>>> print(open('data-v2.pdb').read())   # PDB, C-alpha atoms and all ligand atoms
ATOM      1  CA  MET A 564    -121.173   5.985-166.203  1.00  0.00           C
ATOM      2  CA  GLU A 565    -119.095   4.250-163.509  1.00  0.00           C
ATOM      3  CA  PRO A 566    -115.321   4.565-163.953  1.00  0.00           C
ATOM      4  CA  VAL A 567    -113.847   1.300-165.189  1.00  0.00           C
ATOM      5  CA  GLU A 568    -110.937  -0.370-163.431  1.00  0.00           C
ATOM      6  CA  ALA A 569    -108.508  -0.458-166.339  1.00  0.00           C
ATOM      7  CA  MET A 570    -105.970  -2.702-164.661  1.00  0.00           C
ATOM      8  CA  LEU A 571    -106.418  -6.348-165.599  1.00  0.00           C
ATOM      9  CA  VAL A 572    -105.572  -8.684-162.733  1.00  0.00           C
ATOM     10  CA  LEU A 573    -104.310 -12.042-163.905  1.00  0.00           C
ATOM     11  CA  ASP A 574    -105.394 -15.343-162.407  1.00  0.00           C
ATOM     12  CA  GLU A 575    -104.009 -18.458-164.079  1.00  0.00           C
ATOM     13  CA  SER A 576    -106.997 -20.499-162.905  1.00  0.00           C
ATOM     14  CA  GLN A 577    -109.106 -18.324-165.266  1.00  0.00           C
ATOM     15  CA  ALA A 578    -106.808 -18.836-168.273  1.00  0.00           C
ATOM     16  CA  PRO A 579    -107.275 -18.489-171.165  1.00  0.00           C
ATOM     17  CA  LEU A 580    -109.252 -15.245-171.002  1.00  0.00           C
ATOM     18  CA  SER A 581    -112.625 -14.786-172.630  1.00  0.00           C
ATOM     19  CA  TRP A 582    -112.582 -11.392-174.373  1.00  0.00           C
ATOM     20  CA  PRO A 583    -116.373 -10.943-174.155  1.00  0.00           C
ATOM     21  CA  ALA A 584    -116.109 -11.577-170.400  1.00  0.00           C
ATOM     22  CA  VAL A 585    -113.255  -9.052-170.077  1.00  0.00           C
ATOM     23  CA  PHE A 586    -114.928  -6.282-172.100  1.00  0.00           C
ATOM     24  CA  GLY A 587    -118.637  -7.088-171.890  1.00  0.00           C
ATOM     25  CA  ASN A 588    -118.983  -7.122-175.687  1.00  0.00           C
ATOM     26  CA  SER A 589    -117.789  -9.163-178.646  1.00  0.00           C
ATOM     27  CA  GLY A 590    -115.899  -6.416-180.497  1.00  0.00           C
ATOM     28  CA  PRO A 591    -112.509  -7.170-182.065  1.00  0.00           C
ATOM     29  CA  VAL A 592    -109.494  -7.074-179.766  1.00  0.00           C
ATOM     30  CA  GLU A 593    -106.245  -5.200-180.420  1.00  0.00           C
ATOM     31  CA  ILE A 594    -103.137  -5.657-178.270  1.00  0.00           C
ATOM     32  CA  GLU A 595    -100.191  -3.312-177.861  1.00  0.00           C
ATOM     33  CA  ILE A 596     -97.046  -4.960-176.526  1.00  0.00           C
ATOM     34  CA  GLY A 597     -94.726  -2.656-174.547  1.00  0.00           C
ATOM     35  CA  MET A 598     -97.150   0.264-174.637  1.00  0.00           C
ATOM     36  CA  GLY A 599     -95.065   2.490-172.326  1.00  0.00           C
ATOM     37  CA  LYS A 600     -97.374   5.224-170.999  1.00  0.00           C
ATOM     38  CA  GLY A 601    -100.104   4.112-173.385  1.00  0.00           C
ATOM     39  CA  THR A 602    -100.362   7.403-175.272  1.00  0.00           C
ATOM     40  CA  LEU A 603    -101.020   5.842-178.673  1.00  0.00           C
ATOM     41  CA  LEU A 604    -103.155   3.040-177.225  1.00  0.00           C
ATOM     42  CA  ARG A 605    -105.498   5.553-175.604  1.00  0.00           C
ATOM     43  CA  ARG A 606    -105.745   7.478-178.846  1.00  0.00           C
ATOM     44  CA  LEU A 607    -106.502   4.335-180.887  1.00  0.00           C
ATOM     45  CA  ALA A 608    -109.166   3.321-178.362  1.00  0.00           C
ATOM     46  CA  ALA A 609    -110.776   6.772-178.509  1.00  0.00           C
ATOM     47  CA  LEU A 610    -110.880   6.598-182.318  1.00  0.00           C
ATOM     48  CA  SER A 611    -112.505   3.131-182.339  1.00  0.00           C
ATOM     49  CA  PRO A 612    -114.954   2.836-179.434  1.00  0.00           C
ATOM     50  CA  GLU A 613    -116.464  -0.308-180.982  1.00  0.00           C
ATOM     51  CA  ARG A 614    -113.128  -2.140-180.671  1.00  0.00           C
ATOM     52  CA  ASN A 615    -111.358  -3.376-177.527  1.00  0.00           C
ATOM     53  CA  PHE A 616    -107.738  -2.706-176.571  1.00  0.00           C
ATOM     54  CA  ILE A 617    -105.247  -4.413-174.283  1.00  0.00           C
ATOM     55  CA  GLY A 618    -101.949  -2.757-173.345  1.00  0.00           C
ATOM     56  CA  ILE A 619     -99.134  -4.934-172.013  1.00  0.00           C
ATOM     57  CA  GLU A 620     -96.292  -3.282-170.120  1.00  0.00           C
ATOM     58  CA  ARG A 621     -93.925  -4.705-167.559  1.00  0.00           C
ATOM     59  CA  ALA A 622     -92.718  -1.354-166.169  1.00  0.00           C
ATOM     60  CA  ASN A 623     -95.022  -0.557-163.261  1.00  0.00           C
ATOM     61  CA  LYS A 624     -94.439   3.213-163.349  1.00  0.00           C
ATOM     62  CA  TYR A 625     -95.661   3.538-166.945  1.00  0.00           C
ATOM     63  CA  LEU A 626     -98.512   1.126-166.434  1.00  0.00           C
ATOM     64  CA  ARG A 627     -99.931   3.012-163.449  1.00  0.00           C
ATOM     65  CA  LEU A 628     -99.764   6.277-165.336  1.00  0.00           C
ATOM     66  CA  ALA A 629    -101.635   4.748-168.273  1.00  0.00           C
ATOM     67  CA  ALA A 630    -104.287   3.236-165.976  1.00  0.00           C
ATOM     68  CA  GLN A 631    -104.832   6.598-164.223  1.00  0.00           C
ATOM     69  CA  ARG A 632    -105.292   8.405-167.530  1.00  0.00           C
ATOM     70  CA  ILE A 633    -107.698   5.755-168.845  1.00  0.00           C
ATOM     71  CA  ALA A 634    -109.792   6.077-165.659  1.00  0.00           C
ATOM     72  CA  ARG A 635    -109.649   9.894-165.815  1.00  0.00           C
ATOM     73  CA  ASP A 636    -110.955   9.855-169.405  1.00  0.00           C
ATOM     74  CA  ARG A 637    -113.501   7.120-168.577  1.00  0.00           C
ATOM     75  CA  GLN A 638    -112.329   4.977-171.474  1.00  0.00           C
ATOM     76  CA  THR A 639    -114.211   1.701-171.135  1.00  0.00           C
ATOM     77  CA  ASN A 640    -112.638  -0.195-174.055  1.00  0.00           C
ATOM     78  CA  ILE A 641    -109.077  -0.479-172.702  1.00  0.00           C
ATOM     79  CA  ARG A 642    -107.468  -2.824-170.194  1.00  0.00           C
ATOM     80  CA  VAL A 643    -103.818  -2.682-169.227  1.00  0.00           C
ATOM     81  CA  VAL A 644    -101.832  -5.489-167.730  1.00  0.00           C
ATOM     82  CA  ARG A 645     -98.495  -5.493-165.948  1.00  0.00           C
ATOM     83  CA  THR A 646     -96.758  -8.608-167.105  1.00  0.00           C
ATOM     84  CA  ASP A 647     -94.282 -10.106-169.528  1.00  0.00           C
ATOM     85  CA  ALA A 648     -95.778 -10.155-173.012  1.00  0.00           C
ATOM     86  CA  VAL A 649     -94.627 -13.682-173.891  1.00  0.00           C
ATOM     87  CA  TYR A 650     -96.080 -15.140-170.682  1.00  0.00           C
ATOM     88  CA  PHE A 651     -99.353 -13.234-171.200  1.00  0.00           C
ATOM     89  CA  LEU A 652     -99.767 -14.361-174.811  1.00  0.00           C
ATOM     90  CA  GLU A 653     -98.848 -17.968-174.069  1.00  0.00           C
ATOM     91  CA  THR A 654    -101.027 -18.303-170.982  1.00  0.00           C
ATOM     92  CA  PHE A 655    -103.983 -15.948-171.294  1.00  0.00           C
ATOM     93  CA  VAL A 656    -104.636 -15.129-174.947  1.00  0.00           C
ATOM     94  CA  PRO A 657    -106.815 -17.596-176.883  1.00  0.00           C
ATOM     95  CA  ASP A 658    -105.384 -18.728-180.230  1.00  0.00           C
ATOM     96  CA  GLU A 659    -106.538 -16.769-183.300  1.00  0.00           C
ATOM     97  CA  SER A 660    -108.347 -14.205-181.135  1.00  0.00           C
ATOM     98  CA  VAL A 661    -106.425 -10.969-181.742  1.00  0.00           C
ATOM     99  CA  ALA A 662    -107.485  -8.722-184.613  1.00  0.00           C
ATOM    100  CA  VAL A 663    -104.453  -6.432-184.472  1.00  0.00           C
ATOM    101  CA  PHE A 664    -101.110  -6.445-182.675  1.00  0.00           C
ATOM    102  CA  HIS A 665     -99.133  -3.219-182.239  1.00  0.00           C
ATOM    103  CA  ILE A 666     -95.441  -3.448-181.296  1.00  0.00           C
ATOM    104  CA  TYR A 667     -93.610  -0.141-181.402  1.00  0.00           C
ATOM    105  CA  PHE A 668     -89.957   0.496-180.647  1.00  0.00           C
ATOM    106  CA  SER A 669     -89.232  -2.793-178.982  1.00  0.00           C
ATOM    107  CA  ASP A 670     -85.906  -2.653-177.109  1.00  0.00           C
ATOM    108  CA  PRO A 671     -83.155  -3.857-179.509  1.00  0.00           C
ATOM    109  CA  TRP A 672     -80.636  -4.976-176.842  1.00  0.00           C
ATOM    110  CA  PRO A 673     -77.734  -4.328-179.234  1.00  0.00           C
ATOM    111  CA  LYS A 674     -74.951  -5.994-177.217  1.00  0.00           C
ATOM    112  CA  ARG A 675     -74.288  -9.572-178.208  1.00  0.00           C
ATOM    113  CA  ARG A 676     -74.398 -10.779-174.604  1.00  0.00           C
ATOM    114  CA  HIS A 677     -77.909  -9.287-174.243  1.00  0.00           C
ATOM    115  CA  ALA A 678     -79.265 -10.682-177.511  1.00  0.00           C
ATOM    116  CA  LYS A 679     -81.388 -13.299-175.762  1.00  0.00           C
ATOM    117  CA  ARG A 680     -83.407 -10.506-174.126  1.00  0.00           C
ATOM    118  CA  ARG A 681     -84.747  -9.363-177.513  1.00  0.00           C
ATOM    119  CA  LEU A 682     -88.447  -9.912-177.964  1.00  0.00           C
ATOM    120  CA  PHE A 683     -88.129 -10.790-181.633  1.00  0.00           C
ATOM    121  CA  GLN A 684     -86.903 -14.395-181.600  1.00  0.00           C
ATOM    122  CA  PRO A 685     -88.321 -17.438-183.438  1.00  0.00           C
ATOM    123  CA  PRO A 686     -90.695 -18.546-180.624  1.00  0.00           C
ATOM    124  CA  PHE A 687     -92.103 -15.019-180.276  1.00  0.00           C
ATOM    125  CA  VAL A 688     -92.936 -14.511-183.946  1.00  0.00           C
ATOM    126  CA  GLN A 689     -94.516 -17.981-184.036  1.00  0.00           C
ATOM    127  CA  LEU A 690     -96.560 -17.067-180.956  1.00  0.00           C
ATOM    128  CA  LEU A 691     -97.746 -13.863-182.624  1.00  0.00           C
ATOM    129  CA  GLU A 692     -98.813 -15.839-185.678  1.00  0.00           C
ATOM    130  CA  ARG A 693    -100.750 -18.317-183.536  1.00  0.00           C
ATOM    131  CA  LYS A 694    -102.586 -15.642-181.545  1.00  0.00           C
ATOM    132  CA  THR A 695    -103.518 -13.477-184.552  1.00  0.00           C
ATOM    133  CA  ALA A 696    -107.037 -13.989-185.899  1.00  0.00           C
ATOM    134  CA  LEU A 697    -107.507 -14.985-189.530  1.00  0.00           C
ATOM    135  CA  GLY A 698    -107.432 -11.742-191.471  1.00  0.00           C
ATOM    136  CA  GLY A 699    -105.636 -10.072-188.547  1.00  0.00           C
ATOM    137  CA  LEU A 700    -102.723  -7.655-188.726  1.00  0.00           C
ATOM    138  CA  ILE A 701     -99.452  -7.074-186.904  1.00  0.00           C
ATOM    139  CA  HIS A 702     -98.033  -3.530-186.991  1.00  0.00           C
ATOM    140  CA  ILE A 703     -94.402  -2.956-186.027  1.00  0.00           C
ATOM    141  CA  ARG A 704     -92.198   0.137-185.968  1.00  0.00           C
ATOM    142  CA  THR A 705     -88.572   0.590-184.982  1.00  0.00           C
ATOM    143  CA  ASP A 706     -85.761   3.087-185.379  1.00  0.00           C
ATOM    144  CA  VAL A 707     -83.085   0.343-185.519  1.00  0.00           C
ATOM    145  CA  GLU A 708     -82.293  -0.729-189.081  1.00  0.00           C
ATOM    146  CA  TRP A 709     -80.537  -4.020-188.286  1.00  0.00           C
ATOM    147  CA  TYR A 710     -83.285  -5.044-185.843  1.00  0.00           C
ATOM    148  CA  PHE A 711     -85.852  -4.272-188.535  1.00  0.00           C
ATOM    149  CA  ALA A 712     -83.972  -6.523-190.991  1.00  0.00           C
ATOM    150  CA  ASP A 713     -83.883  -9.254-188.315  1.00  0.00           C
ATOM    151  CA  MET A 714     -87.631  -8.963-187.754  1.00  0.00           C
ATOM    152  CA  VAL A 715     -88.393  -9.222-191.475  1.00  0.00           C
ATOM    153  CA  ARG A 716     -86.143 -12.279-191.796  1.00  0.00           C
ATOM    154  CA  LEU A 717     -87.724 -13.924-188.747  1.00  0.00           C
ATOM    155  CA  PHE A 718     -91.270 -13.496-190.060  1.00  0.00           C
ATOM    156  CA  GLU A 719     -90.221 -14.753-193.496  1.00  0.00           C
ATOM    157  CA  THR A 720     -88.439 -17.842-192.209  1.00  0.00           C
ATOM    158  CA  GLU A 721     -90.498 -18.745-189.122  1.00  0.00           C
ATOM    159  CA  THR A 722     -94.092 -17.913-190.105  1.00  0.00           C
ATOM    160  CA  ALA A 723     -96.535 -18.046-193.013  1.00  0.00           C
ATOM    161  CA  LEU A 724     -97.640 -14.437-192.386  1.00  0.00           C
ATOM    162  CA  ALA A 725     -97.752 -12.245-195.472  1.00  0.00           C
ATOM    163  CA  ILE A 726     -95.815  -8.996-195.548  1.00  0.00           C
ATOM    164  CA  ARG A 727     -98.336  -6.318-196.436  1.00  0.00           C
ATOM    165  CA  ASP A 728     -96.102  -3.245-196.039  1.00  0.00           C
ATOM    166  CA  LYS A 729     -92.409  -2.871-195.350  1.00  0.00           C
ATOM    167  CA  GLY A 730     -90.158   0.193-195.432  1.00  0.00           C
ATOM    168  CA  THR A 731     -89.421   3.590-194.010  1.00  0.00           C
ATOM    169  CA  LEU A 732     -92.251   5.629-192.573  1.00  0.00           C
ATOM    170  CA  ASP A 733     -92.281   9.345-193.399  1.00  0.00           C
ATOM    171  CA  ALA A 734     -93.394  11.718-190.678  1.00  0.00           C
ATOM    172  CA  ALA A 735     -95.700  13.248-193.274  1.00  0.00           C
ATOM    173  CA  ALA A 736     -97.483   9.884-193.661  1.00  0.00           C
ATOM    174  CA  LEU A 737     -98.308   9.738-189.988  1.00  0.00           C
ATOM    175  CA  PRO A 738     -99.749  12.642-187.980  1.00  0.00           C
ATOM    176  CA  ARG A 739     -97.986  13.365-184.706  1.00  0.00           C
ATOM    177  CA  GLU A 740    -100.981  12.178-182.685  1.00  0.00           C
ATOM    178  CA  MET A 741    -100.586   8.714-184.239  1.00  0.00           C
ATOM    179  CA  GLN A 742     -96.946   8.472-183.190  1.00  0.00           C
ATOM    180  CA  THR A 743     -95.742   6.894-179.947  1.00  0.00           C
ATOM    181  CA  ASN A 744     -93.749   8.820-177.330  1.00  0.00           C
ATOM    182  CA  PHE A 745     -90.482   7.164-178.389  1.00  0.00           C
ATOM    183  CA  GLU A 746     -91.259   7.824-182.032  1.00  0.00           C
ATOM    184  CA  ILE A 747     -91.758  11.548-181.432  1.00  0.00           C
ATOM    185  CA  LYS A 748     -88.443  11.621-179.558  1.00  0.00           C
ATOM    186  CA  TYR A 749     -86.558   9.696-182.261  1.00  0.00           C
ATOM    187  CA  ARG A 750     -88.025  11.712-185.133  1.00  0.00           C
ATOM    188  CA  ALA A 751     -86.965  14.922-183.400  1.00  0.00           C
ATOM    189  CA  THR A 752     -83.343  13.724-183.582  1.00  0.00           C
ATOM    190  CA  GLY A 753     -83.663  12.969-187.304  1.00  0.00           C
ATOM    191  CA  LYS A 754     -83.778   9.175-187.014  1.00  0.00           C
ATOM    192  CA  THR A 755     -85.305   7.071-189.783  1.00  0.00           C
ATOM    193  CA  ILE A 756     -88.352   5.051-188.727  1.00  0.00           C
ATOM    194  CA  TYR A 757     -88.978   1.610-190.220  1.00  0.00           C
ATOM    195  CA  ALA A 758     -92.418   0.020-190.328  1.00  0.00           C
ATOM    196  CA  LEU A 759     -93.681  -3.462-191.053  1.00  0.00           C
ATOM    197  CA  THR A 760     -97.255  -4.720-191.389  1.00  0.00           C
ATOM    198  CA  LEU A 761     -98.029  -8.425-191.564  1.00  0.00           C
ATOM    199  CA  LEU A 762    -101.276 -10.122-192.448  1.00  0.00           C
ATOM    200  CA  LYS A 763    -102.520 -13.531-191.389  1.00  0.00           C
ATOM    201  CA  GLY A 764    -104.166 -14.622-194.615  1.00  0.00           C
ATOM    202  CA  VAL A 765    -107.621 -16.032-195.001  1.00  0.00           C
ATOM    203  CA  CYS A 766    -108.678 -18.478-197.710  1.00  0.00           C
ATOM    204  CA  GLY A 767    -110.098 -16.611-200.666  1.00  0.00           C
ATOM    205  CA  GLY A 768    -109.005 -13.131-199.628  1.00  0.00           C
ATOM    206  CA  ASP A 769    -107.076 -10.932-197.301  1.00  0.00           C
ATOM    207  CA  ARG A 770    -109.657  -8.725-195.650  1.00  0.00           C
ATOM    208  CA  PRO A 771    -108.420  -7.302-192.342  1.00  0.00           C
ATOM    209  CA  VAL A 772    -110.717  -7.991-189.359  1.00  0.00           C
TER     210      VAL A 772
HETATM  211  C1  LIG B   1     -88.485   1.446-175.983  1.00  0.00           C
HETATM  212  S1  LIG B   1     -89.936   1.372-175.017  1.00  0.00           S
HETATM  213  C2  LIG B   1     -91.207   1.838-176.204  1.00  0.00           C
HETATM  214  C3  LIG B   1     -92.486   2.268-175.539  1.00  0.00           C
HETATM  215  C4  LIG B   1     -93.615   2.649-176.529  1.00  0.00           C
HETATM  216  N1  LIG B   1     -93.980   1.500-177.341  1.00  0.00           N
HETATM  217  C5  LIG B   1     -93.233   3.814-177.392  1.00  0.00           C
HETATM  218  O1  LIG B   1     -92.962   3.598-178.581  1.00  0.00           O
HETATM  219  O2  LIG B   1     -93.213   4.950-176.894  1.00  0.00           O
HETATM  220  C6  LIG B   1     -90.226  -0.397-174.899  1.00  0.00           C
HETATM  221  C7  LIG B   1     -91.238  -0.728-173.822  1.00  0.00           C
HETATM  222  O3  LIG B   1     -91.547  -2.121-173.894  1.00  0.00           O
HETATM  223  C8  LIG B   1     -91.612  -2.653-172.577  1.00  0.00           C
HETATM  224  N2  LIG B   1     -91.297  -4.089-172.711  1.00  0.00           N
HETATM  225  C9  LIG B   1     -90.158  -4.613-173.213  1.00  0.00           C
HETATM  226  N3  LIG B   1     -90.201  -5.960-173.207  1.00  0.00           N
HETATM  227  C10 LIG B   1     -91.416  -6.297-172.698  1.00  0.00           C
HETATM  228  C11 LIG B   1     -92.049  -7.536-172.419  1.00  0.00           C
HETATM  229  N4  LIG B   1     -91.446  -8.702-172.704  1.00  0.00           N
HETATM  230  N5  LIG B   1     -93.283  -7.515-171.891  1.00  0.00           N
HETATM  231  C12 LIG B   1     -93.902  -6.329-171.612  1.00  0.00           C
HETATM  232  N6  LIG B   1     -93.348  -5.117-171.843  1.00  0.00           N
HETATM  233  C13 LIG B   1     -92.120  -5.091-172.375  1.00  0.00           C
HETATM  234  C14 LIG B   1     -90.584  -1.863-171.793  1.00  0.00           C
HETATM  235  O4  LIG B   1     -90.861  -1.867-170.408  1.00  0.00           O
HETATM  236  C15 LIG B   1     -90.729  -0.467-172.405  1.00  0.00           C
HETATM  237  O5  LIG B   1     -91.683   0.318-171.719  1.00  0.00           O
END
>>> encode(input="data-v2.pdb", output="structure tokens", more="lines below")
Ligand SMILES: C[S@@+](CC[C@H](N)C(=O)[O-])C[C@H]1O[C@@H](n2cnc3c(N)ncnc32)[C@H](O)[C@@H]1O
Amino acid sequence: MEPVEAMLVLDESQAPLSWPAVFGNSGPVEIEIGMGKGTLLRRLAALSPERNFIGIERANKYLRLAAQRIARDRQTNIRVVRTDAVYFLETFVPDESVAVFHIYFSDPWPKRRHAKRRLFQPPFVQLLERKTALGGLIHIRTDVEWYFADMVRLFETETALAIRDKGTLDAAALPREMQTNFEIKYRATGKTIYALTLLKGVCGGDRPV
């Protein structure tokens, strides 16, 4: 099998993207925002070869490392893209086309003067809702309690997404290989991890896609 070029090159004249054209199949698409080195993304993709995965990361160093590892392991169901997540979702992602979003340990920017840099703001949660497929899920984890409370409030006030799970996440509930690099680091220092799962409801049921 030929190695796949994992790096997705963006061209606005081709927007929005067609997932079947990107992946060569019509499997469901999952997106991780701020994937870092892509450790968990690569594991998720290996566990579900019938699904397709996009990793968004704006730090070039991490992105290149992830792309090299994906090529080394000949993983054909992952693409990574170096860009800002909001721009990518707004410009390239078709509405209601994403089966699952993963957003783990998003930077909290705790200082008041940096608050506008936080990803979780009203327009972002509304964008997530719009891009999620009916029956789709959004998984979030953070180690920052006040940011977690902010996220919950934002989804409750700004979207019609249903909260499926909300609370602390025990290490015992999640094997180490399903944790992100930051999560492993934070757990080692005894930090509490908070997790939130949202569902975009479908009429007559709430089956995940
Ligand atoms: C705290 S790190 C967490 C990395 C990884 N999710 C983990 O848990 O190990 C947050 C990552 O999100 C990326 N990031 C933050 N805002 C972003 C944005 N708007 N678009 C793309 N990547 C972003 C950062 O570059 C950084 O690598």
>>> residues_near_ligand(input="data-v2.pdb", ligand="ligand LIG 1 (chain B)", cutoff="6 Å", atoms="only C-alpha atoms and all ligand atoms", output="ChimeraX atom specification")
/A:596-599,619-622,646-648,667-670,743-746
>>> axis_aligned_box(input="data-v2.pdb", around="range 567-574 of chain A", padding_each_side="8 Å", output="AutoDock Vina command-line options")
--center_x -109.1 --center_y -7.0 --center_z -164.4 --size_x 25.5 --size_y 32.6 --size_z 19.9
>>> atom_distance(input="data-v2.pdb", atom1="CA of Asp706 in chain A", atom2="CA of Lys694 in chain A")
25.5 Å
>>> closest_residue(input="data-v2.pdb", among="A:Met570, A:Ser581, A:Val661, A:Pro671", to="Ala629 in chain A", atoms="all atoms listed in the file")
A:Met570
>>> resolve_selection(input="data-v2.pdb", expression="the PyMOL selection byres (((chain A and resi 572) around 12) and not hetatm)", output="count of residues only")
20
>>> closest_residue(input="data-v2.pdb", among="A:Leu607, A:Ile641, A:Val649, A:Ala584", to="Leu690 in chain A", atoms="only C-alpha atoms")
A:Val649
>>> closest_residue(input="data-v2.pdb", among="A:Glu595, A:Glu692, A:Asp728, A:Glu613", to="Asn640 in chain A", atoms="all atoms listed in the file")
A:Glu613
>>> residues_around(input="data-v2.pdb", residues="Glu659 in chain A", least_positions_apart="2", cutoff="10 Å", atoms="all atoms listed in the file", output="list in words")
Val656, Pro657, Val661, Ala662, Leu691, Glu692, Arg693, Lys694, Thr695, Ala696, Leu697, Gly698, Gly699 and Lys763 of chain A
>>> residues_around(input="data-v2.pdb", residues="Trp709 in chain A", least_positions_apart="5", cutoff="10 Å", atoms="only C-alpha atoms", output="list in words")
Pro671, Pro673, Met714 and Val715 of chain A
>>> closest_residue(input="data-v2.pdb", among="A:Val707, A:Ile617, A:Ala678, A:Ala608", to="Thr731 in chain A", atoms="all atoms listed in the file")
A:Val707
>>> atom_distance(input="data-v2.pdb", atom1="CA of His677 in chain A", atom2="CA of Asp713 in chain A")
15.3 Å
>>> closest_residue(input="data-v2.pdb", among="A:Val663, A:Leu732, A:Ala725, A:Val592", to="Thr705 in chain A", atoms="all atoms listed in the file")
A:Leu732
>>> closest_residue(input="data-v2.pdb", among="A:Ala751, A:Gln684, A:Pro583, A:Thr760", to="Arg727 in chain A", atoms="only C-alpha atoms")
A:Thr760
>>> atom_distance(input="data-v2.pdb", atom1="CA of Tyr710 in chain A", atom2="CA of Leu761 in chain A")
16.2 Å
>>> decode(input="data-v2.pdb", residues="range 696-708 of chain A", atoms="N, CA and C atoms", output="PDB file, in the first residue's frame")
ATOM      1  N   ALA A 696     -23.126  16.424  13.075  1.00  0.00           N
ATOM      2  CA  ALA A 696     -24.214  15.705  12.400  1.00  0.00           C
ATOM      3  C   ALA A 696     -25.331  15.395  13.390  1.00  0.00           C
ATOM      4  N   LEU A 697     -26.536  15.202  12.885  1.00  0.00           N
ATOM      5  CA  LEU A 697     -27.629  14.765  13.759  1.00  0.00           C
ATOM      6  C   LEU A 697     -27.245  13.425  14.371  1.00  0.00           C
ATOM      7  N   GLY A 698     -27.391  13.320  15.667  1.00  0.00           N
ATOM      8  CA  GLY A 698     -26.968  12.105  16.362  1.00  0.00           C
ATOM      9  C   GLY A 698     -25.486  12.118  16.720  1.00  0.00           C
ATOM     10  N   GLY A 699     -24.788  13.204  16.370  1.00  0.00           N
ATOM     11  CA  GLY A 699     -23.353  13.302  16.619  1.00  0.00           C
ATOM     12  C   GLY A 699     -23.021  13.705  18.049  1.00  0.00           C
ATOM     13  N   LEU A 700     -21.757  13.517  18.393  1.00  0.00           N
ATOM     14  CA  LEU A 700     -21.304  13.742  19.775  1.00  0.00           C
ATOM     15  C   LEU A 700     -20.145  14.730  19.819  1.00  0.00           C
ATOM     16  N   ILE A 701     -20.033  15.409  20.946  1.00  0.00           N
ATOM     17  CA  ILE A 701     -18.876  16.275  21.206  1.00  0.00           C
ATOM     18  C   ILE A 701     -18.297  15.844  22.550  1.00  0.00           C
ATOM     19  N   HIS A 702     -17.032  15.422  22.543  1.00  0.00           N
ATOM     20  CA  HIS A 702     -16.363  14.995  23.781  1.00  0.00           C
ATOM     21  C   HIS A 702     -15.345  16.055  24.192  1.00  0.00           C
ATOM     22  N   ILE A 703     -15.391  16.445  25.444  1.00  0.00           N
ATOM     23  CA  ILE A 703     -14.494  17.490  25.955  1.00  0.00           C
ATOM     24  C   ILE A 703     -13.893  17.022  27.276  1.00  0.00           C
ATOM     25  N   ARG A 704     -12.602  17.315  27.463  1.00  0.00           N
ATOM     26  CA  ARG A 704     -11.992  17.092  28.784  1.00  0.00           C
ATOM     27  C   ARG A 704     -11.125  18.292  29.134  1.00  0.00           C
ATOM     28  N   THR A 705     -11.055  18.589  30.412  1.00  0.00           N
ATOM     29  CA  THR A 705     -10.184  19.666  30.889  1.00  0.00           C
ATOM     30  C   THR A 705      -9.787  19.382  32.336  1.00  0.00           C
ATOM     31  N   ASP A 706      -8.686  20.020  32.733  1.00  0.00           N
ATOM     32  CA  ASP A 706      -8.267  19.910  34.138  1.00  0.00           C
ATOM     33  C   ASP A 706      -8.622  21.185  34.896  1.00  0.00           C
ATOM     34  N   VAL A 707      -9.296  22.134  34.251  1.00  0.00           N
ATOM     35  CA  VAL A 707      -9.542  23.457  34.848  1.00  0.00           C
ATOM     36  C   VAL A 707     -11.027  23.566  35.224  1.00  0.00           C
ATOM     37  N   GLU A 708     -11.289  23.550  36.529  1.00  0.00           N
ATOM     38  CA  GLU A 708     -12.680  23.466  36.996  1.00  0.00           C
ATOM     39  C   GLU A 708     -13.534  24.656  36.535  1.00  0.00           C
TER      40      GLU A 708
END
